[in-house]
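**Student:** Enclosed is the structure file my_file.cif (mmCIF, N, CA, C and O atoms).
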data_model
loop_
_atom_site.label_atom_id
_atom_site.label_comp_id
_atom_site.auth_asym_id
_atom_site.auth_seq_id
_atom_site.Cartn_x
_atom_site.Cartn_y
_atom_site.Cartn_z
N MET A 3 18.21 3.56 -22.45
CA MET A 3 17.79 4.75 -21.71
C MET A 3 18.90 5.79 -21.74
O MET A 3 20.09 5.46 -21.67
N ALA A 4 18.52 7.02 -21.80
CA ALA A 4 19.49 8.10 -21.91
C ALA A 4 20.10 8.48 -20.57
O ALA A 4 21.00 9.28 -20.51
N ASP A 5 19.62 7.92 -19.46
CA ASP A 5 20.09 8.34 -18.16
C ASP A 5 21.38 7.66 -17.75
O ASP A 5 21.93 7.96 -16.70
N GLY A 6 21.87 6.70 -18.52
CA GLY A 6 23.16 6.12 -18.25
C GLY A 6 23.17 4.86 -17.40
O GLY A 6 24.22 4.33 -17.13
N ILE A 7 22.03 4.37 -16.95
CA ILE A 7 22.04 3.11 -16.21
C ILE A 7 22.02 1.98 -17.21
O ILE A 7 21.40 2.05 -18.25
N GLY A 8 22.73 0.92 -16.88
CA GLY A 8 22.82 -0.20 -17.80
C GLY A 8 21.62 -1.12 -17.71
O GLY A 8 20.69 -0.91 -16.94
N SER A 9 21.70 -2.14 -18.52
CA SER A 9 20.62 -3.13 -18.58
C SER A 9 20.42 -3.81 -17.23
O SER A 9 19.30 -4.03 -16.79
N GLN A 10 21.51 -4.12 -16.56
CA GLN A 10 21.43 -4.77 -15.25
C GLN A 10 20.78 -3.83 -14.22
O GLN A 10 19.98 -4.25 -13.41
N GLY A 11 21.12 -2.56 -14.28
CA GLY A 11 20.53 -1.56 -13.39
C GLY A 11 19.04 -1.40 -13.63
O GLY A 11 18.26 -1.27 -12.69
N ARG A 12 18.66 -1.40 -14.90
CA ARG A 12 17.23 -1.29 -15.24
C ARG A 12 16.46 -2.50 -14.72
O ARG A 12 15.35 -2.38 -14.20
N ASN A 13 17.06 -3.69 -14.89
CA ASN A 13 16.39 -4.91 -14.41
C ASN A 13 16.22 -4.90 -12.90
O ASN A 13 15.18 -5.29 -12.38
N LEU A 14 17.25 -4.46 -12.17
CA LEU A 14 17.17 -4.38 -10.72
C LEU A 14 16.12 -3.35 -10.30
O LEU A 14 15.31 -3.61 -9.40
N HIS A 15 16.12 -2.21 -10.97
CA HIS A 15 15.13 -1.16 -10.66
C HIS A 15 13.73 -1.68 -10.91
O HIS A 15 12.83 -1.49 -10.09
N TRP A 16 13.51 -2.34 -12.04
CA TRP A 16 12.19 -2.86 -12.35
C TRP A 16 11.77 -3.93 -11.35
O TRP A 16 10.62 -3.97 -10.91
N ARG A 17 12.69 -4.83 -10.95
CA ARG A 17 12.35 -5.88 -10.00
C ARG A 17 11.94 -5.29 -8.66
O ARG A 17 10.94 -5.70 -8.06
N LYS A 18 12.68 -4.29 -8.18
CA LYS A 18 12.33 -3.64 -6.91
C LYS A 18 10.99 -2.91 -7.02
O LYS A 18 10.17 -2.97 -6.11
N THR A 19 10.76 -2.23 -8.13
CA THR A 19 9.50 -1.51 -8.34
C THR A 19 8.33 -2.49 -8.40
O THR A 19 7.29 -2.27 -7.79
N ARG A 20 8.52 -3.59 -9.13
CA ARG A 20 7.47 -4.60 -9.25
C ARG A 20 7.14 -5.22 -7.89
O ARG A 20 5.97 -5.36 -7.52
N ASN A 21 8.17 -5.55 -7.11
CA ASN A 21 7.95 -6.14 -5.79
C ASN A 21 7.23 -5.17 -4.86
O ASN A 21 6.34 -5.58 -4.10
N LEU A 22 7.61 -3.91 -4.89
CA LEU A 22 6.92 -2.90 -4.08
C LEU A 22 5.45 -2.81 -4.48
O LEU A 22 4.57 -2.78 -3.62
N THR A 23 5.19 -2.79 -5.76
CA THR A 23 3.81 -2.71 -6.25
C THR A 23 3.01 -3.92 -5.82
O THR A 23 1.85 -3.80 -5.39
N ILE A 24 3.61 -5.10 -5.90
CA ILE A 24 2.91 -6.32 -5.48
C ILE A 24 2.56 -6.26 -3.99
O ILE A 24 1.43 -6.58 -3.59
N TRP A 25 3.51 -5.84 -3.15
CA TRP A 25 3.23 -5.75 -1.72
C TRP A 25 2.15 -4.72 -1.41
O TRP A 25 1.29 -4.96 -0.55
N VAL A 26 2.18 -3.59 -2.08
CA VAL A 26 1.15 -2.57 -1.85
C VAL A 26 -0.22 -3.11 -2.27
O VAL A 26 -1.21 -2.91 -1.57
N LEU A 27 -0.28 -3.82 -3.39
CA LEU A 27 -1.56 -4.40 -3.82
C LEU A 27 -2.06 -5.47 -2.87
O LEU A 27 -3.27 -5.56 -2.62
N ILE A 28 -1.15 -6.28 -2.32
CA ILE A 28 -1.56 -7.28 -1.34
C ILE A 28 -2.16 -6.61 -0.10
O ILE A 28 -3.23 -7.00 0.38
N LEU A 29 -1.49 -5.58 0.39
CA LEU A 29 -2.03 -4.84 1.55
C LEU A 29 -3.36 -4.19 1.22
O LEU A 29 -4.28 -4.17 2.04
N TRP A 30 -3.47 -3.65 0.02
CA TRP A 30 -4.73 -3.03 -0.40
C TRP A 30 -5.87 -4.04 -0.39
O TRP A 30 -6.96 -3.75 0.09
N VAL A 31 -5.62 -5.24 -0.93
CA VAL A 31 -6.66 -6.28 -0.95
C VAL A 31 -7.05 -6.67 0.47
O VAL A 31 -8.23 -6.82 0.78
N ILE A 32 -6.05 -6.83 1.34
CA ILE A 32 -6.34 -7.21 2.73
C ILE A 32 -7.24 -6.18 3.38
O ILE A 32 -8.25 -6.52 4.00
N PHE A 33 -6.90 -4.90 3.25
CA PHE A 33 -7.67 -3.87 3.92
C PHE A 33 -8.94 -3.48 3.16
O PHE A 33 -9.80 -2.80 3.72
N SER A 34 -9.09 -3.91 1.92
CA SER A 34 -10.32 -3.65 1.18
C SER A 34 -11.36 -4.74 1.38
O SER A 34 -12.55 -4.46 1.45
N PHE A 35 -10.91 -5.99 1.47
CA PHE A 35 -11.85 -7.10 1.50
C PHE A 35 -11.78 -7.94 2.76
O PHE A 35 -12.81 -8.24 3.36
N VAL A 36 -10.59 -8.32 3.18
CA VAL A 36 -10.46 -9.24 4.31
C VAL A 36 -10.91 -8.59 5.61
O VAL A 36 -11.68 -9.20 6.37
N VAL A 37 -10.47 -7.38 5.88
CA VAL A 37 -10.88 -6.69 7.10
C VAL A 37 -12.39 -6.51 7.15
O VAL A 37 -13.02 -6.73 8.19
N HIS A 38 -12.98 -6.18 6.04
CA HIS A 38 -14.43 -5.98 6.00
C HIS A 38 -15.19 -7.29 6.22
O HIS A 38 -16.30 -7.28 6.74
N ALA A 39 -14.59 -8.40 5.83
CA ALA A 39 -15.24 -9.69 6.03
C ALA A 39 -15.36 -10.03 7.52
O ALA A 39 -16.32 -10.69 7.93
N PHE A 40 -14.42 -9.57 8.33
CA PHE A 40 -14.44 -9.85 9.75
C PHE A 40 -15.10 -8.73 10.57
O PHE A 40 -15.22 -8.86 11.79
N ALA A 41 -15.52 -7.66 9.95
CA ALA A 41 -16.10 -6.54 10.67
C ALA A 41 -17.45 -6.88 11.28
O ALA A 41 -17.84 -6.30 12.30
N LYS A 42 -18.16 -7.81 10.72
CA LYS A 42 -19.50 -8.15 11.20
C LYS A 42 -19.48 -8.62 12.66
O LYS A 42 -20.41 -8.37 13.41
N GLY A 43 -18.40 -9.29 13.06
CA GLY A 43 -18.30 -9.78 14.43
C GLY A 43 -18.23 -8.67 15.47
O GLY A 43 -18.57 -8.89 16.63
N LEU A 44 -17.80 -7.50 15.08
CA LEU A 44 -17.70 -6.37 16.01
C LEU A 44 -18.95 -5.50 16.04
O LEU A 44 -19.02 -4.56 16.83
N ASN A 45 -19.90 -5.79 15.21
CA ASN A 45 -21.06 -4.91 15.09
C ASN A 45 -22.00 -4.98 16.28
O ASN A 45 -22.94 -4.19 16.37
N GLY A 46 -21.78 -5.86 17.24
CA GLY A 46 -22.59 -5.91 18.45
C GLY A 46 -22.36 -4.70 19.33
O GLY A 46 -23.22 -4.34 20.14
N MET A 47 -21.22 -4.05 19.20
CA MET A 47 -20.90 -2.84 19.96
C MET A 47 -20.98 -1.64 19.02
O MET A 47 -20.96 -1.80 17.81
N SER A 48 -21.11 -0.46 19.61
CA SER A 48 -21.19 0.73 18.76
C SER A 48 -20.20 1.78 19.24
O SER A 48 -19.77 1.79 20.38
N PHE A 49 -19.85 2.67 18.32
CA PHE A 49 -18.95 3.79 18.61
C PHE A 49 -19.49 4.99 17.87
O PHE A 49 -19.65 4.96 16.66
N LEU A 50 -19.79 6.05 18.59
CA LEU A 50 -20.36 7.27 18.03
C LEU A 50 -21.65 6.99 17.26
O LEU A 50 -21.94 7.63 16.24
N GLY A 51 -22.39 6.00 17.71
CA GLY A 51 -23.65 5.67 17.06
C GLY A 51 -23.53 4.75 15.86
O GLY A 51 -24.53 4.37 15.27
N PHE A 52 -22.32 4.41 15.48
CA PHE A 52 -22.09 3.49 14.36
C PHE A 52 -21.71 2.12 14.90
O PHE A 52 -21.05 2.03 15.94
N PRO A 53 -22.09 1.05 14.21
CA PRO A 53 -21.61 -0.27 14.63
C PRO A 53 -20.08 -0.29 14.60
O PRO A 53 -19.46 0.25 13.68
N LEU A 54 -19.47 -0.87 15.62
CA LEU A 54 -18.02 -0.82 15.78
C LEU A 54 -17.28 -1.44 14.59
O LEU A 54 -16.27 -0.91 14.12
N GLY A 55 -17.77 -2.57 14.07
CA GLY A 55 -17.13 -3.20 12.93
C GLY A 55 -17.14 -2.30 11.70
O GLY A 55 -16.15 -2.18 10.98
N TYR A 56 -18.27 -1.66 11.47
CA TYR A 56 -18.39 -0.73 10.35
C TYR A 56 -17.42 0.43 10.52
O TYR A 56 -16.70 0.80 9.60
N TYR A 57 -17.39 0.99 11.72
CA TYR A 57 -16.54 2.14 11.98
C TYR A 57 -15.06 1.79 11.77
O TYR A 57 -14.33 2.53 11.11
N PHE A 58 -14.62 0.66 12.35
CA PHE A 58 -13.22 0.25 12.18
C PHE A 58 -12.89 -0.02 10.71
O PHE A 58 -11.84 0.37 10.23
N ALA A 59 -13.80 -0.70 10.03
CA ALA A 59 -13.53 -1.05 8.63
C ALA A 59 -13.45 0.19 7.76
O ALA A 59 -12.53 0.33 6.94
N VAL A 60 -14.38 1.10 7.93
CA VAL A 60 -14.41 2.30 7.09
C VAL A 60 -13.28 3.26 7.45
O VAL A 60 -12.49 3.64 6.58
N GLN A 61 -13.20 3.65 8.70
CA GLN A 61 -12.18 4.62 9.10
C GLN A 61 -10.78 4.04 9.03
O GLN A 61 -9.84 4.69 8.59
N GLY A 62 -10.64 2.79 9.47
CA GLY A 62 -9.32 2.15 9.44
C GLY A 62 -8.82 1.96 8.03
O GLY A 62 -7.65 2.18 7.74
N SER A 63 -9.70 1.53 7.14
CA SER A 63 -9.30 1.32 5.74
C SER A 63 -8.86 2.63 5.10
O SER A 63 -7.85 2.66 4.39
N LEU A 64 -9.60 3.69 5.35
CA LEU A 64 -9.21 4.98 4.77
C LEU A 64 -7.84 5.42 5.28
O LEU A 64 -7.00 5.89 4.50
N ALA A 65 -7.59 5.25 6.56
CA ALA A 65 -6.29 5.63 7.12
C ALA A 65 -5.18 4.78 6.51
O ALA A 65 -4.12 5.30 6.13
N ILE A 66 -5.41 3.49 6.39
CA ILE A 66 -4.40 2.60 5.81
C ILE A 66 -4.13 2.96 4.35
O ILE A 66 -2.98 2.95 3.90
N PHE A 67 -5.17 3.29 3.59
CA PHE A 67 -4.99 3.64 2.19
C PHE A 67 -4.12 4.90 2.05
O PHE A 67 -3.26 4.97 1.17
N VAL A 68 -4.35 5.88 2.90
CA VAL A 68 -3.53 7.10 2.85
C VAL A 68 -2.08 6.77 3.22
O VAL A 68 -1.14 7.24 2.56
N ILE A 69 -1.88 5.93 4.24
CA ILE A 69 -0.54 5.52 4.62
C ILE A 69 0.13 4.75 3.48
O ILE A 69 1.32 4.94 3.20
N LEU A 70 -0.63 3.88 2.80
CA LEU A 70 -0.09 3.14 1.66
C LEU A 70 0.38 4.07 0.55
O LEU A 70 1.43 3.85 -0.06
N ILE A 71 -0.39 5.10 0.27
CA ILE A 71 -0.02 6.05 -0.78
C ILE A 71 1.31 6.72 -0.45
O ILE A 71 2.23 6.75 -1.28
N PHE A 72 1.41 7.27 0.76
CA PHE A 72 2.63 7.96 1.13
C PHE A 72 3.80 7.00 1.28
O PHE A 72 4.94 7.32 0.90
N GLY A 73 3.54 5.80 1.81
CA GLY A 73 4.60 4.81 1.96
C GLY A 73 5.14 4.35 0.63
O GLY A 73 6.36 4.23 0.44
N GLN A 74 4.26 4.08 -0.33
CA GLN A 74 4.72 3.66 -1.64
C GLN A 74 5.51 4.78 -2.32
O GLN A 74 6.54 4.53 -2.95
N ASN A 75 5.04 6.00 -2.19
CA ASN A 75 5.75 7.14 -2.77
C ASN A 75 7.16 7.25 -2.19
O ASN A 75 8.13 7.43 -2.93
N TYR A 76 7.27 7.16 -0.87
CA TYR A 76 8.57 7.27 -0.21
C TYR A 76 9.50 6.15 -0.64
O TYR A 76 10.66 6.39 -0.99
N LEU A 77 9.00 4.91 -0.62
CA LEU A 77 9.85 3.77 -0.99
C LEU A 77 10.23 3.79 -2.47
O LEU A 77 11.35 3.44 -2.83
N GLN A 78 9.30 4.22 -3.33
CA GLN A 78 9.63 4.31 -4.75
C GLN A 78 10.69 5.38 -5.00
O GLN A 78 11.57 5.20 -5.84
N ASP A 79 10.61 6.47 -4.28
CA ASP A 79 11.65 7.50 -4.41
C ASP A 79 13.02 6.95 -4.01
O ASP A 79 14.03 7.25 -4.66
N LYS A 80 13.07 6.12 -2.95
CA LYS A 80 14.33 5.51 -2.54
C LYS A 80 14.84 4.56 -3.62
O LYS A 80 16.03 4.55 -3.92
N ILE A 81 13.96 3.78 -4.21
CA ILE A 81 14.35 2.85 -5.29
C ILE A 81 14.88 3.64 -6.48
O ILE A 81 15.91 3.28 -7.07
N ASP A 82 14.20 4.72 -6.83
CA ASP A 82 14.65 5.56 -7.95
C ASP A 82 16.01 6.19 -7.68
O ASP A 82 16.86 6.26 -8.57
N GLU A 83 16.22 6.65 -6.45
CA GLU A 83 17.50 7.27 -6.09
C GLU A 83 18.63 6.25 -6.19
O GLU A 83 19.72 6.56 -6.66
N GLU A 84 18.37 5.01 -5.71
CA GLU A 84 19.40 3.97 -5.77
C GLU A 84 19.80 3.68 -7.22
O GLU A 84 20.96 3.36 -7.49
N ALA A 85 18.84 3.77 -8.13
CA ALA A 85 19.12 3.49 -9.53
C ALA A 85 19.63 4.71 -10.29
O ALA A 85 19.93 4.64 -11.47
N GLY A 86 19.72 5.85 -9.60
CA GLY A 86 20.20 7.06 -10.25
C GLY A 86 19.14 7.73 -11.11
O GLY A 86 19.46 8.47 -12.04
N LEU A 87 17.87 7.46 -10.80
CA LEU A 87 16.79 8.04 -11.58
C LEU A 87 16.02 9.12 -10.84
O LEU A 87 14.95 9.52 -11.25
N GLY A 88 16.54 9.56 -9.70
CA GLY A 88 15.87 10.57 -8.91
C GLY A 88 15.89 11.94 -9.55
O GLY A 88 16.47 12.15 -10.62
N ASP A 89 15.25 12.88 -8.89
CA ASP A 89 15.19 14.25 -9.41
C ASP A 89 16.53 14.80 -9.51
O ASP A 89 17.39 15.24 -9.55
#
Could you write out this structure as structure tokens?
**Tutor:**
Amino acid sequence: MADGIGSQGRNLHWRKTRNLTIWVLILWVIFSFVVHAFAKGLNGMSFLGFPLGYYFAVQGSLAIFVILIFGQNYLQDKIDEEAGLGD
């Protein structure tokens, strides 16, 4: 690489990036599938005319996905800065 980090630095950067990606994907799977699997139990109650389980699953998942996007961006920027690959 032309940026001057050595092989050891690249390996550390890649390992941190890979681990961050794995954790984000695990959280994504949990909030995409697992939360929705348990939403049926809350559907006996309603909120704003929607079944409560549906409302929590849909609105909560969307909020978590947006937080995941910004969180991954922030943490990846920190990883890049540590490796000397920042802007």
**Student:** If the PyMOL selection byres (((chain A and resi 13-18 and name CA) around 12) and name CA) is run on the structure shown, which residues does it catch, given as a VMD selection string?
**Tutor:** chain A and resid 7 to 12 19 to 25 74 77 to 88
**Student:** Could you write out the selected residues, including N, CA, C and O atoms, as an mmCIF file, in the frame of the given file?
**Tutor:**
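This is the output file result_32.cif:
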data_model
loop_
_atom_site.group_PDB
_atom_site.id
_atom_site.type_symbol
_atom_site.label_atom_id
_atom_site.label_comp_id
_atom_site.auth_asym_id
_atom_site.auth_seq_id
_atom_site.Cartn_x
_atom_site.Cartn_y
_atom_site.Cartn_z
ATOM 1 N N ILE A 7 22.030 4.370 -16.950
ATOM 2 C CA ILE A 7 22.040 3.110 -16.210
ATOM 3 C C ILE A 7 22.020 1.980 -17.210
ATOM 4 O O ILE A 7 21.400 2.050 -18.250
ATOM 5 N N GLY A 8 22.730 0.920 -16.880
ATOM 6 C CA GLY A 8 22.820 -0.200 -17.800
ATOM 7 C C GLY A 8 21.620 -1.120 -17.710
ATOM 8 O O GLY A 8 20.690 -0.910 -16.940
ATOM 9 N N SER A 9 21.700 -2.140 -18.520
ATOM 10 C CA SER A 9 20.620 -3.130 -18.580
ATOM 11 C C SER A 9 20.420 -3.810 -17.230
ATOM 12 O O SER A 9 19.300 -4.030 -16.790
ATOM 13 N N GLN A 10 21.510 -4.120 -16.560
ATOM 14 C CA GLN A 10 21.430 -4.770 -15.250
ATOM 15 C C GLN A 10 20.780 -3.830 -14.220
ATOM 16 O O GLN A 10 19.980 -4.250 -13.410
ATOM 17 N N GLY A 11 21.120 -2.560 -14.280
ATOM 18 C CA GLY A 11 20.530 -1.560 -13.390
ATOM 19 C C GLY A 11 19.040 -1.400 -13.630
ATOM 20 O O GLY A 11 18.260 -1.270 -12.690
ATOM 21 N N ARG A 12 18.660 -1.400 -14.900
ATOM 22 C CA ARG A 12 17.230 -1.290 -15.240
ATOM 23 C C ARG A 12 16.460 -2.500 -14.720
ATOM 24 O O ARG A 12 15.350 -2.380 -14.200
ATOM 25 N N THR A 19 10.760 -2.230 -8.130
ATOM 26 C CA THR A 19 9.500 -1.510 -8.340
ATOM 27 C C THR A 19 8.330 -2.490 -8.400
ATOM 28 O O THR A 19 7.290 -2.270 -7.790
ATOM 29 N N ARG A 20 8.520 -3.590 -9.130
ATOM 30 C CA ARG A 20 7.470 -4.600 -9.250
ATOM 31 C C ARG A 20 7.140 -5.220 -7.890
ATOM 32 O O ARG A 20 5.970 -5.360 -7.520
ATOM 33 N N ASN A 21 8.170 -5.550 -7.110
ATOM 34 C CA ASN A 21 7.950 -6.140 -5.790
ATOM 35 C C ASN A 21 7.230 -5.170 -4.860
ATOM 36 O O ASN A 21 6.340 -5.580 -4.100
ATOM 37 N N LEU A 22 7.610 -3.910 -4.890
ATOM 38 C CA LEU A 22 6.920 -2.900 -4.080
ATOM 39 C C LEU A 22 5.450 -2.810 -4.480
ATOM 40 O O LEU A 22 4.570 -2.780 -3.620
ATOM 41 N N THR A 23 5.190 -2.790 -5.760
ATOM 42 C CA THR A 23 3.810 -2.710 -6.250
ATOM 43 C C THR A 23 3.010 -3.920 -5.820
ATOM 44 O O THR A 23 1.850 -3.800 -5.390
ATOM 45 N N ILE A 24 3.610 -5.100 -5.900
ATOM 46 C CA ILE A 24 2.910 -6.320 -5.480
ATOM 47 C C ILE A 24 2.560 -6.260 -3.990
ATOM 48 O O ILE A 24 1.430 -6.580 -3.590
ATOM 49 N N TRP A 25 3.510 -5.840 -3.150
ATOM 50 C CA TRP A 25 3.230 -5.750 -1.720
ATOM 51 C C TRP A 25 2.150 -4.720 -1.410
ATOM 52 O O TRP A 25 1.290 -4.960 -0.550
ATOM 53 N N GLN A 74 4.260 4.080 -0.330
ATOM 54 C CA GLN A 74 4.720 3.660 -1.640
ATOM 55 C C GLN A 74 5.510 4.780 -2.320
ATOM 56 O O GLN A 74 6.540 4.530 -2.950
ATOM 57 N N LEU A 77 9.000 4.910 -0.620
ATOM 58 C CA LEU A 77 9.850 3.770 -0.990
ATOM 59 C C LEU A 77 10.230 3.790 -2.470
ATOM 60 O O LEU A 77 11.350 3.440 -2.830
ATOM 61 N N GLN A 78 9.300 4.220 -3.330
ATOM 62 C CA GLN A 78 9.630 4.310 -4.750
ATOM 63 C C GLN A 78 10.690 5.380 -5.000
ATOM 64 O O GLN A 78 11.570 5.200 -5.840
ATOM 65 N N ASP A 79 10.610 6.470 -4.280
ATOM 66 C CA ASP A 79 11.650 7.500 -4.410
ATOM 67 C C ASP A 79 13.020 6.950 -4.010
ATOM 68 O O ASP A 79 14.030 7.250 -4.660
ATOM 69 N N LYS A 80 13.070 6.120 -2.950
ATOM 70 C CA LYS A 80 14.330 5.510 -2.540
ATOM 71 C C LYS A 80 14.840 4.560 -3.620
ATOM 72 O O LYS A 80 16.030 4.550 -3.920
ATOM 73 N N ILE A 81 13.960 3.780 -4.210
ATOM 74 C CA ILE A 81 14.350 2.850 -5.290
ATOM 75 C C ILE A 81 14.880 3.640 -6.480
ATOM 76 O O ILE A 81 15.910 3.280 -7.070
ATOM 77 N N ASP A 82 14.200 4.720 -6.830
ATOM 78 C CA ASP A 82 14.650 5.560 -7.950
ATOM 79 C C ASP A 82 16.010 6.190 -7.680
ATOM 80 O O ASP A 82 16.860 6.260 -8.570
ATOM 81 N N GLU A 83 16.220 6.650 -6.450
ATOM 82 C CA GLU A 83 17.500 7.270 -6.090
ATOM 83 C C GLU A 83 18.630 6.250 -6.190
ATOM 84 O O GLU A 83 19.720 6.560 -6.660
ATOM 85 N N GLU A 84 18.370 5.010 -5.710
ATOM 86 C CA GLU A 84 19.400 3.970 -5.770
ATOM 87 C C GLU A 84 19.800 3.680 -7.220
ATOM 88 O O GLU A 84 20.960 3.360 -7.490
ATOM 89 N N ALA A 85 18.840 3.770 -8.130
ATOM 90 C CA ALA A 85 19.120 3.490 -9.530
ATOM 91 C C ALA A 85 19.630 4.710 -10.290
ATOM 92 O O ALA A 85 19.930 4.640 -11.470
ATOM 93 N N GLY A 86 19.720 5.850 -9.600
ATOM 94 C CA GLY A 86 20.200 7.060 -10.250
ATOM 95 C C GLY A 86 19.140 7.730 -11.110
ATOM 96 O O GLY A 86 19.460 8.470 -12.040
ATOM 97 N N LEU A 87 17.870 7.460 -10.800
ATOM 98 C CA LEU A 87 16.790 8.040 -11.580
ATOM 99 C C LEU A 87 16.020 9.120 -10.840
ATOM 100 O O LEU A 87 14.950 9.520 -11.250
ATOM 101 N N GLY A 88 16.540 9.560 -9.700
ATOM 102 C CA GLY A 88 15.870 10.570 -8.910
ATOM 103 C C GLY A 88 15.890 11.940 -9.550
ATOM 104 O O GLY A 88 16.470 12.150 -10.620
#
**Student:** Need the shell around A:Ile71: protein/DNA/RNA residues with any atom at most 10 Å away, counting only C-alpha atoms. Skip same-chain ones fewer than 5 positions apart. Format as a list in words?
**Tutor:**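 Those residues are Val26, Ile66 and Tyr76 of chain A.
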**Student:** What is the distance, in Å and to one decimal place, between atom O of A:Leu54 and atom N of A:Ala39?
**Tutor:**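 Between atom O of A:Leu54 and atom N of A:Ala39 the gap is 11.3 Å.
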**Student:** Report the distance between atom CA of A:Leu27 and atom CA of A:Val60 in Å, rounded to one decimal place.
**Tutor:**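 We find that atom CA of A:Leu27 and atom CA of A:Val60 lie 18.1 Å from each other.
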**Student:** Please run DSSP on the backbone and report, as a ChimeraX atom specification, all residues within chain A that come out as helix (DSSP H, G or I).
**Tutor:** /A:9-44,54-84
**Student:** Report, in Å to a single decimal, how far apart atom CA of A:Ala41 and atom CA of A:Ala59 are.
**Tutor:**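 Separation of atom CA of A:Ala59 and atom CA of A:Ala41: 6.4 Å.
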**Student:** Give me every strand (DSSP E or B) residue in chain A, going by DSSP on the backbone, as number ranges by chain.
**Tutor:** A: 48-49, 52-53
**Student:** Could those residues be written to a file, using N, CA, C and O atoms, as a compact mmCIF listing (two decimals), keeping the file's coordinate frame?
**Tutor:**
# COMPACT_ATOMS: atom_id res chain seq x y z
N SER A 48 -21.11 -0.46 19.61
CA SER A 48 -21.19 0.73 18.76
C SER A 48 -20.20 1.78 19.24
O SER A 48 -19.77 1.79 20.38
N PHE A 49 -19.85 2.67 18.32
CA PHE A 49 -18.95 3.79 18.61
C PHE A 49 -19.49 4.99 17.87
O PHE A 49 -19.65 4.96 16.66
N PHE A 52 -22.32 4.41 15.48
CA PHE A 52 -22.09 3.49 14.36
C PHE A 52 -21.71 2.12 14.90
O PHE A 52 -21.05 2.03 15.94
N PRO A 53 -22.09 1.05 14.21
CA PRO A 53 -21.61 -0.27 14.63
C PRO A 53 -20.08 -0.29 14.60
O PRO A 53 -19.46 0.25 13.68
**Student:** Output as JSON the centre and edge lengths (Å, one decimal) of the box along x, y and z of the file that holds every listed atom of stretch 48-59 of chain A after adding 3 Å on each side.
**Tutor:**
{"center_x": -18.2, "center_y": 2.2, "center_z": 13.7, "size_x": 18.7, "size_y": 16.8, "size_z": 19.4}
**Student:** Rebuild stretch 43-47 of chain A so that it carries all heavy atoms, then output the result as a PDB file, in the frame of the given file.
**Tutor:**
ATOM      1  N   GLY A  43     -18.400  -9.290  13.060  1.00  0.00           N
ATOM      2  CA  GLY A  43     -18.300  -9.780  14.430  1.00  0.00           C
ATOM      3  C   GLY A  43     -18.230  -8.670  15.470  1.00  0.00           C
ATOM      4  O   GLY A  43     -18.570  -8.890  16.630  1.00  0.00           O
ATOM      5  N   LEU A  44     -17.800  -7.500  15.080  1.00  0.00           N
ATOM      6  CA  LEU A  44     -17.700  -6.370  16.010  1.00  0.00           C
ATOM      7  C   LEU A  44     -18.950  -5.500  16.040  1.00  0.00           C
ATOM      8  O   LEU A  44     -19.020  -4.560  16.830  1.00  0.00           O
ATOM      9  CB  LEU A  44     -16.494  -5.494  15.639  1.00  0.00           C
ATOM     10  CG  LEU A  44     -15.113  -6.119  15.795  1.00  0.00           C
ATOM     11  CD1 LEU A  44     -14.070  -5.192  15.202  1.00  0.00           C
ATOM     12  CD2 LEU A  44     -14.818  -6.394  17.245  1.00  0.00           C
ATOM     13  N   ASN A  45     -19.900  -5.790  15.210  1.00  0.00           N
ATOM     14  CA  ASN A  45     -21.060  -4.910  15.090  1.00  0.00           C
ATOM     15  C   ASN A  45     -22.000  -4.980  16.280  1.00  0.00           C
ATOM     16  O   ASN A  45     -22.940  -4.190  16.370  1.00  0.00           O
ATOM     17  CB  ASN A  45     -21.832  -5.216  13.808  1.00  0.00           C
ATOM     18  CG  ASN A  45     -21.148  -4.615  12.600  1.00  0.00           C
ATOM     19  OD1 ASN A  45     -20.365  -3.684  12.722  1.00  0.00           O
ATOM     20  ND2 ASN A  45     -21.435  -5.164  11.436  1.00  0.00           N
ATOM     21  N   GLY A  46     -21.780  -5.860  17.240  1.00  0.00           N
ATOM     22  CA  GLY A  46     -22.590  -5.910  18.450  1.00  0.00           C
ATOM     23  C   GLY A  46     -22.360  -4.700  19.330  1.00  0.00           C
ATOM     24  O   GLY A  46     -23.220  -4.340  20.140  1.00  0.00           O
ATOM     25  N   MET A  47     -21.220  -4.050  19.200  1.00  0.00           N
ATOM     26  CA  MET A  47     -20.900  -2.840  19.960  1.00  0.00           C
ATOM     27  C   MET A  47     -20.980  -1.640  19.020  1.00  0.00           C
ATOM     28  O   MET A  47     -20.960  -1.800  17.810  1.00  0.00           O
ATOM     29  CB  MET A  47     -19.481  -2.952  20.527  1.00  0.00           C
ATOM     30  CG  MET A  47     -19.289  -4.098  21.492  1.00  0.00           C
ATOM     31  SD  MET A  47     -17.583  -4.247  22.017  1.00  0.00           S
ATOM     32  CE  MET A  47     -16.916  -5.226  20.688  1.00  0.00           C
TER      33      MET A  47
END
